[in-house]
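Note sheet for the following structure.
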Amino acid sequence: RTQAQVGGRGPLVLAAASLQEALTAAADSWARKGHSRPVLSFAASSALARQIEAKAPADLFVSADEEWMDFLAARKLLVPGSRADFLTNRLVIVAPAASRAGFAMRPGFPLASALGGGRLAVADPDSVPAGRYAREALTNLKVWQTVQMSLARAENVRAALALVARGAAPLGIVYATDARAEPAVRVAGWIPAEAHRPITYPLARLTTSSHPDAEAFRRFLLSGEGKAVFRRFGFGTR
Amino acid sequence: MTGEEWGIVLLSLQVSLAAMAGALPLAFVLAWVLARLQFPGKILLDGLVHLPLVLPPVVIGWLLLIAFAPEGPGGRLLALLGVSVLFRWTGAAIAAAVMALPLMVRAIRLSLEAVDPRLEAAARTLGAGPWQTFWTITLPLAAPGVLAGAVLGFARSLGEFGATITFVSNIPDETRTLPLAIYAALQLPGGDGAVWRLALMAVALSLAALVASEALTRASGSGRGGHVL
Amino acid sequence: MTGEEWGIVLLSLQVSLAAMAGALPLAFVLAWVLARLQFPGKILLDGLVHLPLVLPPVVIGWLLLIAFAPEGPGGRLLALLGVSVLFRWTGAAIAAAVMALPLMVRAIRLSLEAVDPRLEAAARTLGAGPWQTFWTITLPLAAPGVLAGAVLGFARSLGEFGATITFVSNIPDETRTLPLAIYAALQLPGGDGAVWRLALMAVALSLAALVASEALTRASGSGRGGHVL
Amino acid sequence: MSFDVDVTVRRGERAIVCRFASAGGITALVGPSGAGKSSVLEALAGLLRPEAGRIAVGGTVLFDSLARVNLPPEARACGVMFQDLRLFPHRRVLGNLLYGQRLAPPERRFLSLEEVADFLDIAPLLGRRPRTLSGGEAQRVAIGRALLSGPRFLLMDEPLTALDDARREAIIAVIERIRDELALPILLVSHDRADVARLADTVVELRP
Amino acid sequence: MSFDVDVTVRRGERAIVCRFASAGGITALVGPSGAGKSSVLEALAGLLRPEAGRIAVGGTVLFDSLARVNLPPEARACGVMFQDLRLFPHRRVLGNLLYGQRLAPPERRFLSLEEVADFLDIAPLLGRRPRTLSGGEAQRVAIGRALLSGPRFLLMDEPLTALDDARREAIIAVIERIRDELALPILLVSHDRADVARLADTVVELRP
Ligand SMILES: Nc1ncnc2c1ncn2[C@@H]1O[C@H](COP(=O)(O)OP(=O)(O)OP(=O)(O)O)[C@@H](O)[C@H]1O
Ligand SMILES: Nc1ncnc2c1ncn2[C@@H]1O[C@H](COP(=O)(O)OP(=O)(O)OP(=O)(O)O)[C@@H](O)[C@H]1O
Ligand code: MOO
Ligand SMILES: [Mg+2]
Ligand SMILES: [Mg+2]
C-alpha cells in the first residue's frame with residue numbers, strides 16, 4: 001500500500017481516464033483528512049460502464065459523458081438521487097509549440113486552409129465524447145464540411161494530443177485540461193462554449209456500492225473543497 | 001524506481017507467471033488434440049483457439065466480462081466455489097492466459113507434429129503404455145515447443161493490456177499491471193519518465209525469461225536428429 | 001452488412017495480408033539468425049524481437065509514431081523516398097507487421113531448429129551450394145513453421161488495435177480496420193449489434209486463413225521423419 | 001510351439017501374406033528387399049494391425065481377428081531391434097538401455113546392464129547421446145535395449161549387418177545363449193545366408 | 001593416383017588418424033565398429049574439417065591444411081552414399097534421384113535415370129515418399145542418388161548390407177562397371193570380408 005492506513009481500503013471509484021491527475025489529487029486531499037484512501041481505477045468510460053453493467057462491485061462512477069451514465073441509469077445501477085453533474089470542460093484548438101497559428105473564432109474560420117494539407121487530430125467523433133463535442137462545435141461553426149475528410153481520429157484525447165505534440169498533425173482539438181498540461185503544444189484558439197452542448201462529467205453512486213465511506217467521498221468531491229482541486233487542473237465546476 | 005513501481009512489477013510478474021502456468025496445460029491438451037486427432041469440426045476448434053488473436057483485445061475483455069459477471073456462466077460457477085475474479089488479480093491472469101493461449105498452442109503443436117511416431121512405437125514395444133509413452137517420449141521430444149510456448153505466453157502476458165483493463169479494470173495493487181501503469185503514465189503530461197522506467201522493467205523481465213529459457217534448453221540439451229531416428 | 005462494413009473488411013484484409021507478406025521475409029531472417037548463429041548479444045536480439053509482445057501495443061504505436069513522425073529517423077528516410085506512412089494504410093500494415101513479428105519468428109525458428117543438418121550436408125555433397133541447399137532443403141523442411149508463422153501473423157494482424165490507432169489513428173477507408181471499427185462501436189452505448197457483426201467477419205476471415213493453411217499443408221504433404229533421416 | 005503366425009498385412013497397395021509355425025529356437029525370416037519382413041515384425045510387435053489372421057507366440061494369442069484379440073504392444077513383451085534402430089534421441093545411451101528394463105517386472109529380467117554392456121562392448125558409450133554414435137555402435141545399443149526389456153520373445157531386424165567380425169561373434173553368442181538357456185522364441189531377419197544357415201532352426205521365406 | 005589421404009580427424013575426444021594412397025580402382029576401408037570409417041568419409045566429402053593433413057583425389061587437392069586449401073563439398077563432386085542414407089523426406093524418390101543430377105554439369109553425367117532405376121530395381125518406387133520405403137529399398141535409392149550426381153569419385157558407406165543376393169550382385173556389377181569403364185576412384189566401407197576380397201584393389205585398415 002502506498003499509504004499507511006488504519007481503516008483499510010477506501011471506496012472503489014471508477015473514473016474516466018481524462019480525470020486521472022485531478023481525481024488522484026482530490027483523493028489525496030481526502031486521505032490527508034484521515035480517511036482511508038479511495039481506490040481509483042481509470043479507464044475509458046465505456047469500459048467502466050460495461051464493468052458496472054456486469055455488476056462488478058464498485059462504489060462511485062465518474063463518466064466523461066452523460067450517455068454512459070444514462071445507460072447505467074436505465075439499468076437501475078445508480079443509487080437514486082446520487083447523480084450529479086459536477087465538472088465541466090472546454091475544447092481548444094492546439095498547435096505545436098513552435099507554430100504561430102491562431103484563430104479568431106467565428107463561423108467559417110479558416111481551419112482547413114490552416115491545416116495546409118495536414119490532418120486535424122481529434123478524438124474519434126464516432127465514439128469518443130471529446131470527438132463528438134468537436135464535431136458538434138465545428139458543425140455549428142460551419143467548418144465541419146471542410147475538415148471532415150482531413151481528420152486524424154485518435155482513440156482518446158491524449159492520443160490526439162500526442163499526434164500534435166509529435167508533429168504528426170499540425171492542429172488538433174482537445175480538452176483545455178489536456179492542452180494546458182502538454183508543453184509541446186500551445187493553444188491556438190478556444191472553441192466557444194456555446195458551439196456545443198455543455199461538456200459535463202457526471203458522478204453517481206452505484207447500487208453495488210457497499211463501502212461506508214462511499215457517500216462521504218461523493219459529498220467531498222461535490223463540496224467546495226473538492227471542486228477547488230479540480231479547478232486547479234483546469235476544469236470548470238458547477 | 002519508487003516503491004509503488006516495484007509493487008507494479010511484482011504484480012505483473014505474479015499475473016504473468018500465473019497466466020503462463022495456468023494456460024500451459026490447457027494449451028498442451030489443445031495442441032495435442034489439434035496435432036494428433038482428426039475429427040469433424042477440427043477447423044472450428046482451431047478457429048476458436050485463434051479467436052483471441054483475431055479479435056481486438058477489448059472485445060475479448062468484454063466477452064470475459066460477460067462470461068464472468070455474477071450472472072454469467074463462468075461467474076455462477078466461480079460463485080459456487082466462493083471465488084470472484086472481477087476486479088481481482090486472478091481475473092487479470094485469466095485475461096492474460098486467454099490472450100496468450102493461441103501463441104502457446106501453435107508453438108507446442110509445431111513441436112508435437114515433429115515428434116517421430118516411430119519412437120513412440122518403439123517405447124510401446126519396450127513395455128510403456130500410452131500414458132508412459134506420452135510422458136517419457138512425446139512430451140520430452142516436444143520440449144522445445146513447450147518451452148517456446150511458455151516464453152511466448154509469459155511475454156504476451158507481460159504485455160497484455162486491452163482485455164485486462166476491459167475485464168478487470170485498472171485497480172492499483174490488484175489489476176494494475178505494467179501495461180496498465182504505462183498506459184496511465186502515457187495519459188499524464190510529463191509521464192514520459194515513468195513510461196520509460198516501467199517499459200524498461202517490462203523489457204528486463206522478458207529478457208530474464210529468455211535467459212532462463214535458453215539455460216533450460218541448454219540443460220536439457222535435447223539432442224535432435226542424429227542416428228537412428 | 002452495410003457497404004461501409006464491407007469496405008472495412010476489405011481494408012482489413014489488405015492491411016493484414018500486406019503485414020503478413022512484408023513481415024515474413026524479415027521474420028525468416030531473424031529466425032534463421034537466432035536458430036543457427038551464436039554471437040555475443042544474441043539474447044539482446046531475441047529480446048528486441050520479443051519487445052512488441054512484452055510492451056503494451058499503445059507503447060509500440062507511440063514508438064512507431066516517434067520513429068515515423070516527420071522529424072523522426074524513419075520519417076526522414078521515408079520523406080527522402082517521397083513516401084509517407086502516417087495516417088495511411090501502409091502505416092497500419094507496419095504496425096500490424098511489428099506486432100506480428102515475434103509470433104512469426106518463434107514459429108519459424110522452432111521449425112528451423114528441427115531441420116536435420118545431416119540432410120543439408122547430403123545436399124552439399126550432391127553439388128548444391130549453401131544457397132541452393134537453403135532453398136531446396138532447409139526452407140521446404142521448415143515449411144510447417146513458415147506456414148504456422150504466416151497464419152499466426154495474419155491472425156494477429158487482423159486483431160491488431162492498440163499500436164494501429166496510436167500510430168496512424170482511425171481514418172475511414174485508410175486505417176479503420178476491423179478492430180478499430182469494433183472498438184468504436186463498443187464505445188457507444190447500443191453499439192453491440194455492430195460489434196457482433198464486425199467480430200463475426202473477423203472470425204470468418206481467420207477461419208478462411210486456417211482452412212487455406214490446412215489445404216497448403218496437405219498439398220505439400222511434407223512427409224516428416226520416415227526412413228533414413 | 002514358439003511362433004504360430006498366419007496373417008495378412010496391408011502395406012500401401014500390397015497385401016503381405018505370411019504364414020509359418022516354428023517349434024522353438026531361432027526362426028529366420030528371409031526374402032528379397034521389400035518382401036515385407038519388417039512389416040511382419042511390426043505386426044508381431046503389435047504396431048501394425050493385420051487385416052486378418054492370427055498370431056500366437058509361446059502359446060499366448062497376441063492377435064486373432066476372429067476372436068477379436070489384439071494385445072497392445074506393451075502387453076506383448078516382445079523385444080524388438082528395429083531395422084531403423086529408433087534410439088531415443090533425448091536420452092543418453094544409458095537412458096535408452098534402462099528404458100525397457102525399468103518397465104519390465106523383475107522376474108522377466110534375464111540380463112543385467114553390466115552383462116549387456118560387456119558383451120556388446122558399449123560400456124564406454126553409456127554417457128553418450130545417440131546422435132554421436134557410429135552406425136555399428138548405435139546398432140549394438142539398440143540390441144542391448146531390446147534384450148534388457150525382459151522380453152518373452154525377440155524380434156531382430158538385421159541385427160548383424162554393419163558389425164565387425166569380433167562383435168558379430170559376440171552377439172551371435174548371446175543370441176545362442178538366450179535360445180539355449182532361456183528358450184525364448186527368436187525371429188531373425190537376415191540377408192546373410194551363412195548366418196541363417198548357422199543359426200536358424202526354422203527358415204521362413206517371404207516372397208514379394 | 002586415385003586417393004592420396006593423410007589426415008587427422010577429431011571426433012569427440014578421439015583423434016582418428018588415417019593415411020593411405022591408392023593407385024586406382026576400388027579402395028576398401030575396413031576396421032571395427034567405431035574405428036572412424038564414416039568420419040574419414042565425411043572428411044573426404046568436405047563435411048568434417050580435419051585438424052591437419054592433406055586430401056587429394058585423382059590429382060586434385062581437396063584439402064591441405066598447410067596450403068590452406070579446403071574445397072567446399074559442392075566443389076568436390078563426390079558421390080556419397082551415407083551409412084544413414086539421408087534421403088530427403090520432403091521429396092519423392094524421383095525428386096531424390098534427380099536432385100544431384102540436375103546440379104551436375106551434363107558432361108559429368110554418366111548414367112541415365114532409366115539405367116539407374118533399372119539395375120537398382122527401383123522403377124516402381126519413383127513416386128513414393130522415402131518414409132514408406134523398406135530398409136533395402138531406401139538403401140538402393142541412396143545409391144542411385146549418389147551415382148546420378150555425376151561424381152568424380154564415389155564414397156560408399158556399407159552399400160551392400162541389408163540387400164538380398166540378386167540386388168547385391170546387380171549393385172556390385174555397376175560398381176565394377178564404373179570402376180572399369182569410367183575409372184572413377186571408389187572408396188568402399190564394408191564389414192564383409194568376402195565382398196572386400198572380391199572387389200578391393202587396395203585395402204585400408206583403420207584401427208580404433
Ligand atoms: N507406408 C507405406 N506405404 C506404402 N508402401 C509401404 C509402406 N510401408 C512399407 N511399404 C512397402 O511394403 C513393402 C514391405 O516393406 P518392408 O519394410 O516390410 O520390407 P522388408 O521385407 O523389410 O524389406 P527390406 O529387406 O528392404 O527391409 C515394401 O515394398 C515397402 O515399399
Ligand atoms: N559427435 C561426436 N561426438 C563424440 N564422438 C563421436 C561423435 N561422432 C562420432 N563419434 C565417435 O567417433 C568414432 C568414429 O565414428 P565413425 O562413425 O567414424 O565410426 P565407423 O568406423 O564408421 O563405425 P561403424 O562401422 O560402427 O559405422 C566412434 O567411436 C564414435 O562414437
Ligand atoms: O475521458 Mo475519455 O473517456 O478518454 O473522453
Ligand atoms: Mg525391412
Ligand atoms: Mg560408420
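FYI, nothing fancy with the C-alpha cells labels: chains A, B, ... in order, residues from 1 per chain, ligands from 1 as they appear.
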
message: To check your reading of the model: which residues sit at most 9 Å from ligand 4 when counting only C-alpha atoms and all ligand atoms? Write the answer as a PyMOL selection string.
response: (chain D and resi 33-39+41+82-84+157-158+189) or (chain E and resi 133-137+162)

Notebook entry, point to check: Which residues come within 6 Å of Val157 (chain A), counting only C-alpha atoms, excluding same-chain residues fewer than 3 positions away, as a list in words?
Noted result: Ala123, Ala160 and Val174 of chain A

Produce a table with one row for each residue of chain A that has an atom at most 10 Å from any atom of ligand 3, each row naming the nearest atom pair and its distance in Å at one decimal; use only C-alpha atoms and all ligand atoms; arrange rows by chain and rising residue number; format as CSV.
residue,atom,partner,partner_atom_place_in_ligand_line,distance
A:Ala15,CA,ligand 3,1 (O),8.1
A:Ala16,CA,ligand 3,1 (O),4.3
A:Ala17,CA,ligand 3,1 (O),4.6
A:Ser18,CA,ligand 3,1 (O),3.9
A:Leu19,CA,ligand 3,1 (O),6.5
A:Gln20,CA,ligand 3,1 (O),8.7
A:Phe42,CA,ligand 3,1 (O),8.8
A:Ala43,CA,ligand 3,3 (O),7.1
A:Ala44,CA,ligand 3,3 (O),4.2
A:Ser45,CA,ligand 3,3 (O),4.4
A:Ser46,CA,ligand 3,3 (O),6.9
A:Ala47,CA,ligand 3,3 (O),8.8
A:Leu48,CA,ligand 3,3 (O),9.2
A:Val62,CA,ligand 3,1 (O),9.4
A:Ser63,CA,ligand 3,3 (O),7.1
A:Ala64,CA,ligand 3,1 (O),4.9
A:Asp65,CA,ligand 3,5 (O),7.3
A:Trp68,CA,ligand 3,3 (O),9.9
A:Ala123,CA,ligand 3,5 (O),7.9
A:Asp124,CA,ligand 3,5 (O),9.8
A:Ser127,CA,ligand 3,5 (O),9.3
A:Val128,CA,ligand 3,5 (O),5.6
A:Pro129,CA,ligand 3,5 (O),5.1
A:Ala130,CA,ligand 3,5 (O),5.4
A:Gly131,CA,ligand 3,5 (O),8.2
A:Arg132,CA,ligand 3,5 (O),9.6
A:Glu155,CA,ligand 3,4 (O),7.8
A:Asn156,CA,ligand 3,4 (O),4.7
A:Val157,CA,ligand 3,4 (O),5.7
A:Arg158,CA,ligand 3,4 (O),7.4
A:Ala159,CA,ligand 3,4 (O),9.1
A:Val174,CA,ligand 3,5 (O),9.7
A:Tyr175,CA,ligand 3,5 (O),9.0
A:Tyr201,CA,ligand 3,1 (O),9.0

Cut-off 10 Å: closest chain D/ligand 2 atom pairs per residue, using only C-alpha atoms and all ligand atoms, as JSON lines:
{"residue": "D:Ile122", "atom": "CA", "partner": "ligand 2", "partner_atom_place_in_ligand_line": "31 (O)", "distance": 10.0}
{"residue": "D:Pro124", "atom": "CA", "partner": "ligand 2", "partner_atom_place_in_ligand_line": "31 (O)", "distance": 9.3}
{"residue": "D:Leu125", "atom": "CA", "partner": "ligand 2", "partner_atom_place_in_ligand_line": "31 (O)", "distance": 7.4}
{"residue": "D:Arg128", "atom": "CA", "partner": "ligand 2", "partner_atom_place_in_ligand_line": "4 (C)", "distance": 7.5}
{"residue": "D:Arg129", "atom": "CA", "partner": "ligand 2", "partner_atom_place_in_ligand_line": "3 (N)", "distance": 8.2}
{"residue": "D:Pro130", "atom": "CA", "partner": "ligand 2", "partner_atom_place_in_ligand_line": "31 (O)", "distance": 9.0}
{"residue": "D:Arg131", "atom": "CA", "partner": "ligand 2", "partner_atom_place_in_ligand_line": "1 (N)", "distance": 6.9}
{"residue": "D:Thr132", "atom": "CA", "partner": "ligand 2", "partner_atom_place_in_ligand_line": "7 (C)", "distance": 4.0}
{"residue": "D:Leu133", "atom": "CA", "partner": "ligand 2", "partner_atom_place_in_ligand_line": "31 (O)", "distance": 4.2}
{"residue": "D:Ser134", "atom": "CA", "partner": "ligand 2", "partner_atom_place_in_ligand_line": "17 (O)", "distance": 3.5}
{"residue": "D:Gly135", "atom": "CA", "partner": "ligand 2", "partner_atom_place_in_ligand_line": "27 (O)", "distance": 3.6}
{"residue": "D:Gly136", "atom": "CA", "partner": "ligand 2", "partner_atom_place_in_ligand_line": "26 (O)", "distance": 3.1}
{"residue": "D:Glu137", "atom": "CA", "partner": "ligand 2", "partner_atom_place_in_ligand_line": "26 (O)", "distance": 5.0}
{"residue": "D:Ala138", "atom": "CA", "partner": "ligand 2", "partner_atom_place_in_ligand_line": "26 (O)", "distance": 7.4}
{"residue": "D:Gln139", "atom": "CA", "partner": "ligand 2", "partner_atom_place_in_ligand_line": "26 (O)", "distance": 7.9}
{"residue": "D:Arg140", "atom": "CA", "partner": "ligand 2", "partner_atom_place_in_ligand_line": "26 (O)", "distance": 9.0}
{"residue": "D:Thr161", "atom": "CA", "partner": "ligand 2", "partner_atom_place_in_ligand_line": "25 (O)", "distance": 9.6}
{"residue": "D:Ala162", "atom": "CA", "partner": "ligand 2", "partner_atom_place_in_ligand_line": "25 (O)", "distance": 5.9}
{"residue": "D:Leu163", "atom": "CA", "partner": "ligand 2", "partner_atom_place_in_ligand_line": "25 (O)", "distance": 6.3}
{"residue": "D:Asp164", "atom": "CA", "partner": "ligand 2", "partner_atom_place_in_ligand_line": "25 (O)", "distance": 7.4}

All residues 10 Å or closer to Ala214 (chain A), only C-alpha atoms, same chain fewer than 4 positions away omitted, as an NGL selection string | :A and (10-13 or 38 or 58-60 or 205-206 or 209-210 or 218-220)

Exercise for the section: Write out as a VMD selection string each polymer residue whose atoms come within 12 Å of Pro72 (chain D), counting only C-alpha atoms; drop sequence neighbours fewer than 5 positions from it. Expected result: (chain B and resid 121 123 to 130) or (chain D and resid 42 to 49 61 to 63 77 to 78)

Write to file, as a PDB file, in the first residue's frame, the residues of the selection just made, with C-alpha atoms.
ATOM      1  CA  ALA B 121       6.060 -47.140 -31.249  1.00  0.00           C
ATOM      2  CA  ALA B 123       8.590 -47.186 -26.498  1.00  0.00           C
ATOM      3  CA  ARG B 124       5.409 -49.247 -26.614  1.00  0.00           C
ATOM      4  CA  THR B 125       7.347 -52.392 -27.533  1.00  0.00           C
ATOM      5  CA  LEU B 126       9.611 -51.719 -24.564  1.00  0.00           C
ATOM      6  CA  GLY B 127       6.631 -52.010 -22.247  1.00  0.00           C
ATOM      7  CA  ALA B 128       5.421 -48.417 -21.937  1.00  0.00           C
ATOM      8  CA  GLY B 129       1.663 -47.878 -22.037  1.00  0.00           C
ATOM      9  CA  PRO B 130       0.190 -44.943 -23.926  1.00  0.00           C
TER      10      PRO B 130
ATOM     11  CA  GLU D  42       5.701 -54.858 -36.847  1.00  0.00           C
ATOM     12  CA  ALA D  43       2.572 -56.994 -36.929  1.00  0.00           C
ATOM     13  CA  LEU D  44       4.091 -59.383 -34.378  1.00  0.00           C
ATOM     14  CA  ALA D  45       5.058 -56.472 -32.161  1.00  0.00           C
ATOM     15  CA  GLY D  46       1.541 -55.066 -32.297  1.00  0.00           C
ATOM     16  CA  LEU D  47       2.495 -51.916 -34.192  1.00  0.00           C
ATOM     17  CA  LEU D  48       0.711 -52.803 -37.396  1.00  0.00           C
ATOM     18  CA  ARG D  49      -2.724 -54.319 -37.262  1.00  0.00           C
ATOM     19  CA  VAL D  61      -2.530 -65.497 -28.526  1.00  0.00           C
ATOM     20  CA  LEU D  62      -1.454 -61.940 -29.346  1.00  0.00           C
ATOM     21  CA  PHE D  63      -3.819 -61.320 -32.208  1.00  0.00           C
ATOM     22  CA  ALA D  77       6.575 -58.253 -24.085  1.00  0.00           C
ATOM     23  CA  CYS D  78       8.476 -58.535 -27.304  1.00  0.00           C
TER      24      CYS D  78
END

- Task: Might you pull out every residue within 9 Å of region 13-16 of chain D, with only C-alpha atoms counted and same-chain residues fewer than 3 positions away left off, and present them as a PyMOL selection string?
- Result: chain D and resi 7-10+35-36+39-40+51+206-208

- Given a cut-off of 10 Å, which residues of chain B touch chain A, counting only C-alpha atoms, written out as a ChimeraX atom specification? /B:3-4,7,58,61-62,65-72,84-87,162,165-173,175-176,180,183-190

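Between CA of Cys18 (chain D) and CA of Asp64 (chain D) there is a distance of 14.4 Å.
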
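Between ligand 1 and the residues D:Gly144, D:Gly25, D:Gly31, D:Pro106, the shortest atom-to-atom distance, using only C-alpha atoms and all ligand atoms, involves D:Gly31.
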
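Counting only C-alpha atoms, the residue from C:Ala142, C:Ala155, C:Leu64, C:Val211 that sits nearest to chain E is C:Ala142.
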
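The residues of region 46-125 of chain D that DSSP classifies as strand (DSSP E or B), using the backbone of this structure, are D:Ala52, D:Gly53, D:Arg54, D:Ile55, D:Ala56, D:Val57, D:Thr60, D:Val61, D:Leu62, D:Phe63, D:Asp64, D:Val69, D:Asn70, D:Cys78, D:Gly79, D:Val80, D:Met81.
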
> Would you list which chain B residues are within 8 Å of chain C using only C-alpha atoms, as a VMD selection string?
Replying inline: chain B and resid 43 to 44 46 to 47 50 to 51 53 to 59 103 106 to 107 110 to 111 114 116 144 to 145 148 152 155 to 162 179 182 to 183 199 202 to 203 206 to 207 210 to 211 224 to 229
